[in-house]
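One file, start.cif, is given below (mmCIF, C-alpha atoms and all ligand atoms).
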data_run
#
loop_
_atom_site.group_PDB
_atom_site.id
_atom_site.type_symbol
_atom_site.label_atom_id
_atom_site.label_comp_id
_atom_site.auth_asym_id
_atom_site.auth_seq_id
_atom_site.Cartn_x
_atom_site.Cartn_y
_atom_site.Cartn_z
ATOM 1 C CA MET A 13 -4.398 -6.659 62.307
ATOM 2 C CA THR A 14 -6.994 -3.965 62.626
ATOM 3 C CA THR A 15 -9.413 -4.785 65.376
ATOM 4 C CA ALA A 16 -12.900 -3.736 66.237
ATOM 5 C CA GLU A 17 -11.767 -1.537 69.133
ATOM 6 C CA HIS A 18 -10.244 0.799 66.570
ATOM 7 C CA SER A 19 -12.177 4.049 66.425
ATOM 8 C CA PRO A 20 -10.979 6.205 63.553
ATOM 9 C CA THR A 21 -12.306 9.736 63.744
ATOM 10 C CA ALA A 22 -14.285 11.426 61.010
ATOM 11 C CA ALA A 23 -11.546 14.056 60.883
ATOM 12 C CA GLY A 24 -9.150 11.196 60.272
ATOM 13 C CA SER A 25 -10.636 10.336 56.937
ATOM 14 C CA GLY A 26 -14.011 11.082 55.406
ATOM 15 C CA ALA A 27 -14.070 14.835 55.960
ATOM 16 C CA SER A 28 -10.853 15.670 54.100
ATOM 17 C CA ALA A 29 -12.190 13.861 51.047
ATOM 18 C CA THR A 30 -14.463 16.822 50.217
ATOM 19 C CA GLU A 31 -11.484 19.176 50.032
ATOM 20 C CA SER A 32 -9.658 16.698 47.811
ATOM 21 C CA PHE A 33 -12.682 16.301 45.531
ATOM 22 C CA ARG A 34 -12.963 20.073 45.097
ATOM 23 C CA ALA A 35 -9.236 20.393 44.400
ATOM 24 C CA GLY A 36 -9.380 17.759 41.650
ATOM 25 C CA ARG A 37 -9.057 19.334 38.217
ATOM 26 C CA ARG A 38 -11.698 16.971 36.890
ATOM 27 C CA ASP A 39 -14.715 18.581 35.270
ATOM 28 C CA HIS A 40 -17.440 18.011 37.822
ATOM 29 C CA VAL A 41 -20.080 19.966 35.904
ATOM 30 C CA ALA A 42 -22.067 17.970 33.372
ATOM 31 C CA ALA A 43 -23.179 21.011 31.373
ATOM 32 C CA ASP A 44 -24.611 19.231 28.360
ATOM 33 C CA VAL A 45 -27.222 16.980 29.986
ATOM 34 C CA PRO A 46 -30.533 17.596 28.183
ATOM 35 C CA PRO A 47 -33.554 18.431 30.351
ATOM 36 C CA GLU A 48 -35.282 15.180 29.313
ATOM 37 C CA ARG A 49 -32.491 13.185 30.923
ATOM 38 C CA VAL A 50 -32.345 15.319 34.070
ATOM 39 C CA SER A 51 -36.093 14.910 34.397
ATOM 40 C CA ALA A 52 -35.988 11.131 33.828
ATOM 41 C CA VAL A 53 -33.143 10.419 36.281
ATOM 42 C CA VAL A 54 -34.020 12.898 39.025
ATOM 43 C CA GLY A 55 -37.681 12.009 38.643
ATOM 44 C CA ALA A 56 -36.842 8.323 39.187
ATOM 45 C CA VAL A 57 -34.743 9.127 42.283
ATOM 46 C CA LEU A 58 -37.579 11.200 43.767
ATOM 47 C CA ALA A 59 -40.156 8.533 42.924
ATOM 48 C CA GLY A 60 -37.994 6.018 44.836
ATOM 49 C CA VAL A 61 -37.982 8.312 47.873
ATOM 50 C CA HIS A 62 -41.736 8.873 47.634
ATOM 51 C CA ASP A 63 -42.351 5.115 47.396
ATOM 52 C CA ALA A 64 -40.183 4.459 50.482
ATOM 53 C CA ILE A 65 -42.112 7.075 52.460
ATOM 54 C CA ARG A 66 -45.467 5.560 51.510
ATOM 55 C CA GLU A 67 -44.392 1.950 51.985
ATOM 56 C CA HIS A 68 -42.817 2.568 55.392
ATOM 57 C CA GLU A 69 -45.223 5.327 56.499
ATOM 58 C CA VAL A 70 -42.388 7.709 57.303
ATOM 59 C CA SER A 71 -43.418 10.208 59.980
ATOM 60 C CA TYR A 72 -42.793 13.963 60.192
ATOM 61 C CA ALA A 73 -40.245 13.325 62.971
ATOM 62 C CA GLU A 74 -38.373 10.909 60.715
ATOM 63 C CA PHE A 75 -38.533 13.318 57.777
ATOM 64 C CA GLN A 76 -37.016 16.094 59.902
ATOM 65 C CA ALA A 77 -34.338 13.732 61.240
ATOM 66 C CA ALA A 78 -33.432 12.816 57.656
ATOM 67 C CA LYS A 79 -33.184 16.512 56.763
ATOM 68 C CA GLN A 80 -30.862 17.112 59.731
ATOM 69 C CA TRP A 81 -28.714 14.126 58.727
ATOM 70 C CA LEU A 82 -28.363 15.385 55.141
ATOM 71 C CA ILE A 83 -27.262 18.779 56.465
ATOM 72 C CA ASP A 84 -24.742 17.049 58.753
ATOM 73 C CA VAL A 85 -23.238 14.993 55.911
ATOM 74 C CA GLY A 86 -22.553 18.191 53.949
ATOM 75 C CA GLU A 87 -21.222 20.128 56.930
ATOM 76 C CA GLY A 88 -19.036 17.178 57.910
ATOM 77 C CA GLY A 89 -17.612 16.962 54.393
ATOM 78 C CA GLU A 90 -18.718 13.344 54.062
ATOM 79 C CA TRP A 91 -20.586 13.406 50.741
ATOM 80 C CA PRO A 92 -17.658 11.815 48.855
ATOM 81 C CA LEU A 93 -17.347 9.125 51.539
ATOM 82 C CA PHE A 94 -21.069 8.405 51.693
ATOM 83 C CA LEU A 95 -21.631 8.395 47.923
ATOM 84 C CA ASP A 96 -18.542 6.322 47.136
ATOM 85 C CA VAL A 97 -19.467 3.745 49.777
ATOM 86 C CA PHE A 98 -23.184 3.424 49.038
ATOM 87 C CA VAL A 99 -23.691 4.510 45.429
ATOM 88 C CA GLU A 100 -20.512 4.305 43.342
ATOM 89 C CA HIS A 101 -20.597 0.512 42.960
ATOM 90 C CA VAL A 102 -23.749 0.759 40.852
ATOM 91 C CA VAL A 103 -22.267 3.485 38.641
ATOM 92 C CA GLU A 104 -19.260 1.173 38.188
ATOM 93 C CA ASP A 105 -21.519 -1.792 37.315
ATOM 94 C CA VAL A 106 -23.099 0.271 34.553
ATOM 95 C CA ALA A 107 -19.705 1.456 33.232
ATOM 96 C CA ALA A 108 -18.484 -2.160 33.311
ATOM 97 C CA ARG A 109 -21.158 -3.215 30.809
ATOM 98 C CA SER A 110 -18.954 -1.829 28.020
ATOM 99 C CA GLN A 111 -15.568 -2.797 29.477
ATOM 100 C CA GLN A 112 -13.307 -5.648 28.335
ATOM 101 C CA GLY A 113 -10.175 -6.849 30.089
ATOM 102 C CA THR A 114 -9.499 -6.637 33.799
ATOM 103 C CA LYS A 115 -12.591 -6.058 35.933
ATOM 104 C CA GLY A 116 -12.987 -2.608 37.411
ATOM 105 C CA SER A 117 -14.053 -1.480 40.857
ATOM 106 C CA ILE A 118 -14.857 1.828 42.506
ATOM 107 C CA LEU A 119 -12.364 4.696 42.810
ATOM 108 C CA GLY A 120 -13.430 5.668 46.322
ATOM 109 C CA PRO A 121 -12.696 8.958 48.080
ATOM 110 C CA TYR A 122 -8.951 8.636 48.735
ATOM 111 C CA TYR A 123 -7.246 8.870 45.333
ATOM 112 C CA LEU A 124 -4.618 11.599 44.968
ATOM 113 C CA PRO A 125 -3.156 12.422 41.528
ATOM 114 C CA ASP A 126 0.463 13.274 40.715
ATOM 115 C CA GLN A 127 2.212 10.831 43.028
ATOM 116 C CA ARG A 128 5.878 9.868 42.833
ATOM 117 C CA LYS A 129 6.919 7.991 39.650
ATOM 118 C CA LEU A 130 8.696 4.722 40.394
ATOM 119 C CA PRO A 131 10.616 2.231 38.246
ATOM 120 C CA ALA A 132 9.225 -1.235 37.412
ATOM 121 C CA VAL A 133 10.964 -2.800 40.410
ATOM 122 C CA ALA A 134 10.375 -0.493 43.341
ATOM 123 C CA ASP A 135 9.554 0.008 46.987
ATOM 124 C CA LEU A 136 6.321 1.920 47.484
ATOM 125 C CA PRO A 137 7.134 4.996 49.634
ATOM 126 C CA ALA A 138 6.721 3.958 53.293
ATOM 127 C CA ARG A 139 7.811 5.148 56.732
ATOM 128 C CA PRO A 140 11.086 3.702 58.039
ATOM 129 C CA ASP A 141 9.061 1.928 60.729
ATOM 130 C CA GLU A 142 6.047 1.110 58.529
ATOM 131 C CA GLN A 143 4.088 -1.648 60.273
ATOM 132 C CA GLY A 144 2.420 -4.580 58.528
ATOM 133 C CA THR A 145 3.292 -7.785 56.713
ATOM 134 C CA PRO A 146 5.707 -7.145 53.821
ATOM 135 C CA LEU A 147 4.019 -7.767 50.466
ATOM 136 C CA VAL A 148 5.681 -8.313 47.098
ATOM 137 C CA PHE A 149 3.211 -7.562 44.323
ATOM 138 C CA THR A 150 4.230 -8.673 40.830
ATOM 139 C CA GLY A 151 2.596 -8.985 37.439
ATOM 140 C CA GLN A 152 2.344 -7.924 33.834
ATOM 141 C CA VAL A 153 0.178 -5.499 31.862
ATOM 142 C CA ARG A 154 -1.036 -6.766 28.472
ATOM 143 C CA ASP A 155 -3.497 -5.718 25.798
ATOM 144 C CA THR A 156 -6.584 -7.725 24.826
ATOM 145 C CA SER A 157 -4.507 -9.618 22.187
ATOM 146 C CA GLY A 158 -2.064 -10.746 24.868
ATOM 147 C CA ASN A 159 0.792 -8.423 23.895
ATOM 148 C CA PRO A 160 2.762 -6.859 26.747
ATOM 149 C CA ILE A 161 2.295 -3.100 27.113
ATOM 150 C CA ALA A 162 5.727 -1.580 27.666
ATOM 151 C CA GLY A 163 5.760 1.381 30.038
ATOM 152 C CA ALA A 164 2.172 0.927 31.265
ATOM 153 C CA GLU A 165 1.568 2.863 34.490
ATOM 154 C CA LEU A 166 0.151 1.464 37.714
ATOM 155 C CA ASP A 167 -1.097 4.286 39.909
ATOM 156 C CA LEU A 168 -1.268 2.468 43.252
ATOM 157 C CA TRP A 169 -2.507 3.606 46.663
ATOM 158 C CA HIS A 170 -3.562 1.748 49.783
ATOM 159 C CA ALA A 171 -4.209 2.059 53.494
ATOM 160 C CA ASP A 172 -1.582 1.322 56.152
ATOM 161 C CA SER A 173 -1.664 -1.461 58.739
ATOM 162 C CA GLU A 174 -4.200 0.556 60.745
ATOM 163 C CA GLY A 175 -6.497 1.166 57.796
ATOM 164 C CA TYR A 176 -5.501 4.834 57.292
ATOM 165 C CA TYR A 177 -4.694 6.645 54.026
ATOM 166 C CA SER A 178 -1.938 9.247 53.672
ATOM 167 C CA GLY A 179 -3.239 12.662 52.682
ATOM 168 C CA PHE A 180 -6.481 12.066 54.608
ATOM 169 C CA ALA A 181 -5.705 10.693 58.058
ATOM 170 C CA PRO A 182 -3.517 13.060 60.114
ATOM 171 C CA GLY A 183 0.094 12.263 60.963
ATOM 172 C CA ILE A 184 1.048 10.181 57.918
ATOM 173 C CA PRO A 185 3.762 11.586 55.606
ATOM 174 C CA GLU A 186 2.608 12.940 52.260
ATOM 175 C CA GLY A 187 2.681 10.306 49.533
ATOM 176 C CA ASN A 188 3.009 7.395 51.965
ATOM 177 C CA LEU A 189 1.926 4.078 50.386
ATOM 178 C CA ARG A 190 1.210 5.838 47.092
ATOM 179 C CA GLY A 191 3.099 5.809 43.811
ATOM 180 C CA VAL A 192 2.982 5.525 40.032
ATOM 181 C CA ILE A 193 4.934 2.448 38.928
ATOM 182 C CA VAL A 194 6.138 2.407 35.329
ATOM 183 C CA ALA A 195 6.215 -1.173 33.999
ATOM 184 C CA ASP A 196 9.300 -2.376 32.085
ATOM 185 C CA ASN A 197 9.511 -3.060 28.346
ATOM 186 C CA GLN A 198 7.683 -6.367 28.907
ATOM 187 C CA GLY A 199 4.893 -4.664 30.855
ATOM 188 C CA ARG A 200 6.183 -6.251 34.054
ATOM 189 C CA PHE A 201 6.385 -4.801 37.554
ATOM 190 C CA GLN A 202 7.483 -5.842 41.047
ATOM 191 C CA ILE A 203 6.304 -3.651 43.896
ATOM 192 C CA HIS A 204 7.428 -3.983 47.504
ATOM 193 C CA THR A 205 4.942 -2.700 50.064
ATOM 194 C CA ILE A 206 2.983 -3.918 53.095
ATOM 195 C CA LYS A 207 -0.388 -5.643 53.246
ATOM 196 C CA PRO A 208 -3.012 -3.055 54.215
ATOM 197 C CA SER A 209 -5.593 -3.666 56.924
ATOM 198 C CA PRO A 210 -9.353 -3.588 56.446
ATOM 199 C CA TYR A 211 -10.851 -0.085 56.326
ATOM 200 C CA GLN A 212 -13.414 1.060 58.876
ATOM 201 C CA ILE A 213 -15.720 3.949 58.064
ATOM 202 C CA PRO A 214 -15.205 6.518 60.835
ATOM 203 C CA THR A 215 -17.856 5.824 63.424
ATOM 204 C CA ASP A 216 -18.152 9.385 64.771
ATOM 205 C CA GLY A 217 -19.278 11.138 61.573
ATOM 206 C CA PRO A 218 -22.755 11.228 59.991
ATOM 207 C CA THR A 219 -22.018 8.259 57.676
ATOM 208 C CA GLY A 220 -20.880 6.151 60.626
ATOM 209 C CA LYS A 221 -23.855 7.244 62.709
ATOM 210 C CA LEU A 222 -26.240 6.138 59.972
ATOM 211 C CA ILE A 223 -24.482 2.772 59.742
ATOM 212 C CA THR A 224 -24.802 2.322 63.506
ATOM 213 C CA ALA A 225 -28.448 3.468 63.485
ATOM 214 C CA ALA A 226 -29.235 0.875 60.794
ATOM 215 C CA GLY A 227 -27.356 -1.910 62.598
ATOM 216 C CA TRP A 228 -24.941 -2.418 59.681
ATOM 217 C CA HIS A 229 -21.182 -2.898 59.992
ATOM 218 C CA PRO A 230 -18.706 -0.216 58.866
ATOM 219 C CA TRP A 231 -15.991 -2.377 57.282
ATOM 220 C CA ARG A 232 -14.371 -2.758 53.884
ATOM 221 C CA PRO A 233 -12.046 -5.739 53.331
ATOM 222 C CA ALA A 234 -8.329 -4.953 52.969
ATOM 223 C CA HIS A 235 -7.606 -3.769 49.439
ATOM 224 C CA LEU A 236 -5.157 -2.196 47.015
ATOM 225 C CA HIS A 237 -6.422 0.609 44.787
ATOM 226 C CA LEU A 238 -5.143 0.869 41.220
ATOM 227 C CA LEU A 239 -5.512 2.924 38.101
ATOM 228 C CA VAL A 240 -3.796 1.063 35.276
ATOM 229 C CA ARG A 241 -3.160 3.127 32.148
ATOM 230 C CA ALA A 242 -1.215 3.242 28.911
ATOM 231 C CA PRO A 243 -1.459 5.504 25.862
ATOM 232 C CA GLY A 244 -4.089 4.268 23.388
ATOM 233 C CA HIS A 245 -5.815 2.145 26.039
ATOM 234 C CA ARG A 246 -8.830 2.621 28.266
ATOM 235 C CA THR A 247 -7.710 3.279 31.838
ATOM 236 C CA ILE A 248 -8.871 0.699 34.342
ATOM 237 C CA THR A 249 -9.924 1.805 37.819
ATOM 238 C CA THR A 250 -9.907 -1.196 40.108
ATOM 239 C CA GLN A 251 -9.163 -2.713 43.513
ATOM 240 C CA LEU A 252 -7.508 -5.956 44.517
ATOM 241 C CA TYR A 253 -8.440 -7.906 47.632
ATOM 242 C CA PHE A 254 -6.729 -10.703 49.579
ATOM 243 C CA GLU A 255 -7.910 -14.312 49.702
ATOM 244 C CA GLY A 256 -9.426 -15.226 53.037
ATOM 245 C CA GLY A 257 -9.652 -11.562 54.046
ATOM 246 C CA GLU A 258 -12.137 -10.465 56.653
ATOM 247 C CA TRP A 259 -15.253 -8.684 55.262
ATOM 248 C CA LEU A 260 -14.636 -9.998 51.712
ATOM 249 C CA ASP A 261 -18.180 -11.315 51.596
ATOM 250 C CA SER A 262 -19.824 -8.318 53.232
ATOM 251 C CA ASP A 263 -17.979 -5.207 51.997
ATOM 252 C CA VAL A 264 -20.014 -2.195 53.148
ATOM 253 C CA ALA A 265 -19.187 -0.592 49.762
ATOM 254 C CA GLU A 266 -20.227 -3.734 47.786
ATOM 255 C CA ALA A 267 -17.128 -3.279 45.612
ATOM 256 C CA THR A 268 -15.583 -6.770 45.624
ATOM 257 C CA LYS A 269 -15.601 -9.147 42.636
ATOM 258 C CA PRO A 270 -14.323 -12.735 42.677
ATOM 259 C CA GLU A 271 -11.915 -11.930 39.799
ATOM 260 C CA LEU A 272 -10.232 -9.270 41.944
ATOM 261 C CA VAL A 273 -9.108 -11.467 44.847
ATOM 262 C CA LEU A 274 -5.368 -12.106 45.064
ATOM 263 C CA ASP A 275 -3.885 -15.475 46.001
ATOM 264 C CA LEU A 276 -1.153 -15.050 48.581
ATOM 265 C CA ARG A 277 1.980 -17.164 48.779
ATOM 266 C CA PRO A 278 4.717 -17.087 51.415
ATOM 267 C CA HIS A 279 7.761 -15.181 50.196
ATOM 268 C CA GLY A 280 10.191 -16.023 53.008
ATOM 269 C CA ASP A 281 10.867 -14.158 56.270
ATOM 270 C CA GLY A 282 7.122 -13.780 56.900
ATOM 271 C CA ALA A 283 6.601 -11.791 53.716
ATOM 272 C CA LEU A 284 3.774 -12.491 51.253
ATOM 273 C CA ARG A 285 3.774 -12.541 47.488
ATOM 274 C CA ALA A 286 0.873 -11.881 45.130
ATOM 275 C CA ASP A 287 0.813 -11.985 41.325
ATOM 276 C CA TYR A 288 -1.741 -10.265 39.138
ATOM 277 C CA ASP A 289 -1.816 -9.587 35.418
ATOM 278 C CA PHE A 290 -3.820 -6.694 33.989
ATOM 279 C CA VAL A 291 -5.484 -6.565 30.587
ATOM 280 C CA LEU A 292 -6.256 -3.181 29.004
ATOM 281 C CA GLU A 293 -8.647 -2.753 26.094
ATOM 282 C CA PRO A 294 -8.075 -0.225 23.305
ATOM 283 C CA ALA A 295 -9.273 3.301 24.089
HETATM 284 C C1 LIG B 1 -12.218 3.361 51.124
HETATM 285 O O1 LIG B 1 -10.956 3.004 51.427
HETATM 286 C C2 LIG B 1 -12.687 3.013 49.929
HETATM 287 O O2 LIG B 1 -11.863 2.340 49.123
HETATM 288 C C3 LIG B 1 -13.967 3.343 49.562
HETATM 289 C C4 LIG B 1 -14.484 2.951 48.244
HETATM 290 C C5 LIG B 1 -14.787 4.042 50.414
HETATM 291 C C6 LIG B 1 -14.317 4.398 51.637
HETATM 292 C C7 LIG B 1 -13.035 4.057 51.990
HETATM 293 FE FE FE B 2 -9.921 2.236 49.930
#

Write out the structure in this file as structure tokens.
Ligand code: MBD
Ligand code: FE
Amino acid sequence: MTTAEHSPTAAGSGASATESFRAGRRDHVAADVPPERVSAVVGAVLAGVHDAIREHEVSYAEFQAAKQWLIDVGEGGEWPLFLDVFVEHVVEDVAARSQQGTKGSILGPYYLPDQRKLPAVADLPARPDEQGTPLVFTGQVRDTSGNPIAGAELDLWHADSEGYYSGFAPGIPEGNLRGVIVADNQGRFQIHTIKPSPYQIPTDGPTGKLITAAGWHPWRPAHLHLLVRAPGHRTITTQLYFEGGEWLDSDVAEATKPELVLDLRPHGDGALRADYDFVLEPA
């Protein structure tokens, strides 16, 4: 179990997420937003800031401290971490208004594309001495009419038993606890991995310092990240949590949903088993 004495460093997670975001081949420039919309949205954001300043009588010293903190977040490379923890859940809520099928959740800062393809029954890549409770994760991918989707892909990534992600925390082999599982001709899969630990936002970076300054806690409950996709279907970005898990009711990223909590059953030899079926809507 991850414990509170753990002190992940900013270098060990949030900072490398900026590099990864920049390297993504996604189109990060929304070139075709009309000025009316820019004005409406940015105007509303600024009005919210102005209201907070008036309501709380923010001082010059506080304004300058805020400016310094914003500079530090950028220099520390923590904008993806900060925004995905404190803002993305609302963007996801809005996107979810038009989504059928399995509930979505936030992507977060630690996705990496192009991971190893794995067959429907597979071990997720792990170190020979990977710590943590063995977990067998099984299920089926279906469409909204209940038909199995043969060959659906589950792009899965999760933290290790210390709450660290490969590709971001130092010292973990590339691709560890990441993979793209291709479901069988019945849309079924069976993945062998370990149960991740809760994730703690690094306490030594600007995001962590803000959390400490506000008296909040820096934890996310243990979770699996998934993109579930199939040709002709809308890709689902989601996370799955574990029943009874610590921080489930107080996720700092506010990204849990009751429909996304896995039941765990004993699977022999101390291992755990969880079943989850995914439903994809047409694209
Ligand atoms: C995570 O592991 C995560 O999933 C999110 C959303 C933010 C920070 C760390
Ligand atoms: Fe995560």

Checklist entry - So which one's closest to ligand LIG 1 (chain B), A:Leu238, A:Ala226, A:Leu166, A:Leu272? Using all atoms listed in the file, please. => result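 Closest to ligand LIG 1 (chain B), using all atoms listed in the file: A:Leu238.
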
Checklist entry - Would you name the residues within 6 Å of ligand LIG 1 (chain B), counting only C-alpha atoms and all ligand atoms, and put them as an NGL selection string? => result :A and (93 or 96-97 or 118 or 120-121 or 211)

Next on the checklist: Would you pick out the contacts of Asn197 of chain A at 9 Å or less, using all atoms listed in the file, so that residues sharing its chain but fewer than 2 positions from it are not included, and give the list as a PyMOL selection string?
Outcome noted: chain A and resi 160-164+195+199-200

Item to check | 10 Å contact set for Ile184 of chain A, only C-alpha atoms, chain neighbours under 6 positions out, as a ChimeraX atom specification | outcome: /A:138-139,172,176-178

Next on the checklist: Measuring between all atoms listed in the file, which one of A:Glu165, A:Glu255, A:Asp263, A:Asp281 shows the shortest distance to ligand FE 2 (chain B)?
Outcome noted: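 Result for the nearest residue to ligand FE 2 (chain B): A:Asp263.
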
Give me the residues near His235 of chain A as an mmCIF file with C-alpha atoms, in the frame of the given file, where near means some atom within 10 Å (using all atoms listed in the file) and where sequence neighbours in that chain fewer than 3 positions away do not count.
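Final output, saved to out.cif:
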data_model
loop_
_atom_site.group_PDB
_atom_site.id
_atom_site.type_symbol
_atom_site.label_atom_id
_atom_site.label_comp_id
_atom_site.auth_asym_id
_atom_site.auth_seq_id
_atom_site.Cartn_x
_atom_site.Cartn_y
_atom_site.Cartn_z
ATOM 1 C CA TRP A 169 -2.507 3.606 46.663
ATOM 2 C CA HIS A 170 -3.562 1.748 49.783
ATOM 3 C CA ALA A 171 -4.209 2.059 53.494
ATOM 4 C CA GLY A 175 -6.497 1.166 57.796
ATOM 5 C CA LYS A 207 -0.388 -5.643 53.246
ATOM 6 C CA PRO A 208 -3.012 -3.055 54.215
ATOM 7 C CA SER A 209 -5.593 -3.666 56.924
ATOM 8 C CA PRO A 210 -9.353 -3.588 56.446
ATOM 9 C CA TYR A 211 -10.851 -0.085 56.326
ATOM 10 C CA ARG A 232 -14.371 -2.758 53.884
ATOM 11 C CA LEU A 238 -5.143 0.869 41.220
ATOM 12 C CA THR A 250 -9.907 -1.196 40.108
ATOM 13 C CA GLN A 251 -9.163 -2.713 43.513
ATOM 14 C CA LEU A 252 -7.508 -5.956 44.517
ATOM 15 C CA TYR A 253 -8.440 -7.906 47.632
ATOM 16 C CA PHE A 254 -6.729 -10.703 49.579
ATOM 17 C CA GLY A 257 -9.652 -11.562 54.046
ATOM 18 C CA LEU A 260 -14.636 -9.998 51.712
ATOM 19 C CA THR A 268 -15.583 -6.770 45.624
ATOM 20 C CA LEU A 272 -10.232 -9.270 41.944
ATOM 21 C CA VAL A 273 -9.108 -11.467 44.847
ATOM 22 C CA LEU A 274 -5.368 -12.106 45.064
#

Next on the checklist: Since I can't run it myself right now, could you work out what the PyMOL selection byres (((chain A and resi 33) around 10) and not hetatm) selects here and report it as number ranges by chain?
Outcome noted: A: 28-32, 34-38, 40, 91-92, 121-124

Item to check | Shell of 8 Å around Glu90 of chain A, all atoms listed in the file, local chain residues under 6 positions omitted, as a PyMOL selection string | outcome: chain A and resi 26-27+29-30+217-219

Next on the checklist: Can you pull out the residues contacting Val148 of chain A? Cut-off 10 Å, using only C-alpha atoms, and skip same-chain residues under 6 positions away; I want them as a PyMOL selection string.
Outcome noted: chain A and resi 134-135+202-207+276-279+283-287

Item to check | Selected residue of minimal separation from Asp126 of chain A among A:Pro182, A:Gly151, A:Gly187, A:Gly220, counting all atoms listed in the file | outcome: A:Gly187

Next on the checklist: As an exercise, work out the distance from atom CA of Glu104 of chain A to atom CA of Ser117 of chain A in Å and give it to one decimal place.
Outcome noted: 6.4 Å

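Comparing A:Gln212, A:Gln80, A:Thr247, A:Gln112 by their smallest distance to ligand FE 2 (chain B), the closest is A:Gln212 (using all atoms listed in the file).
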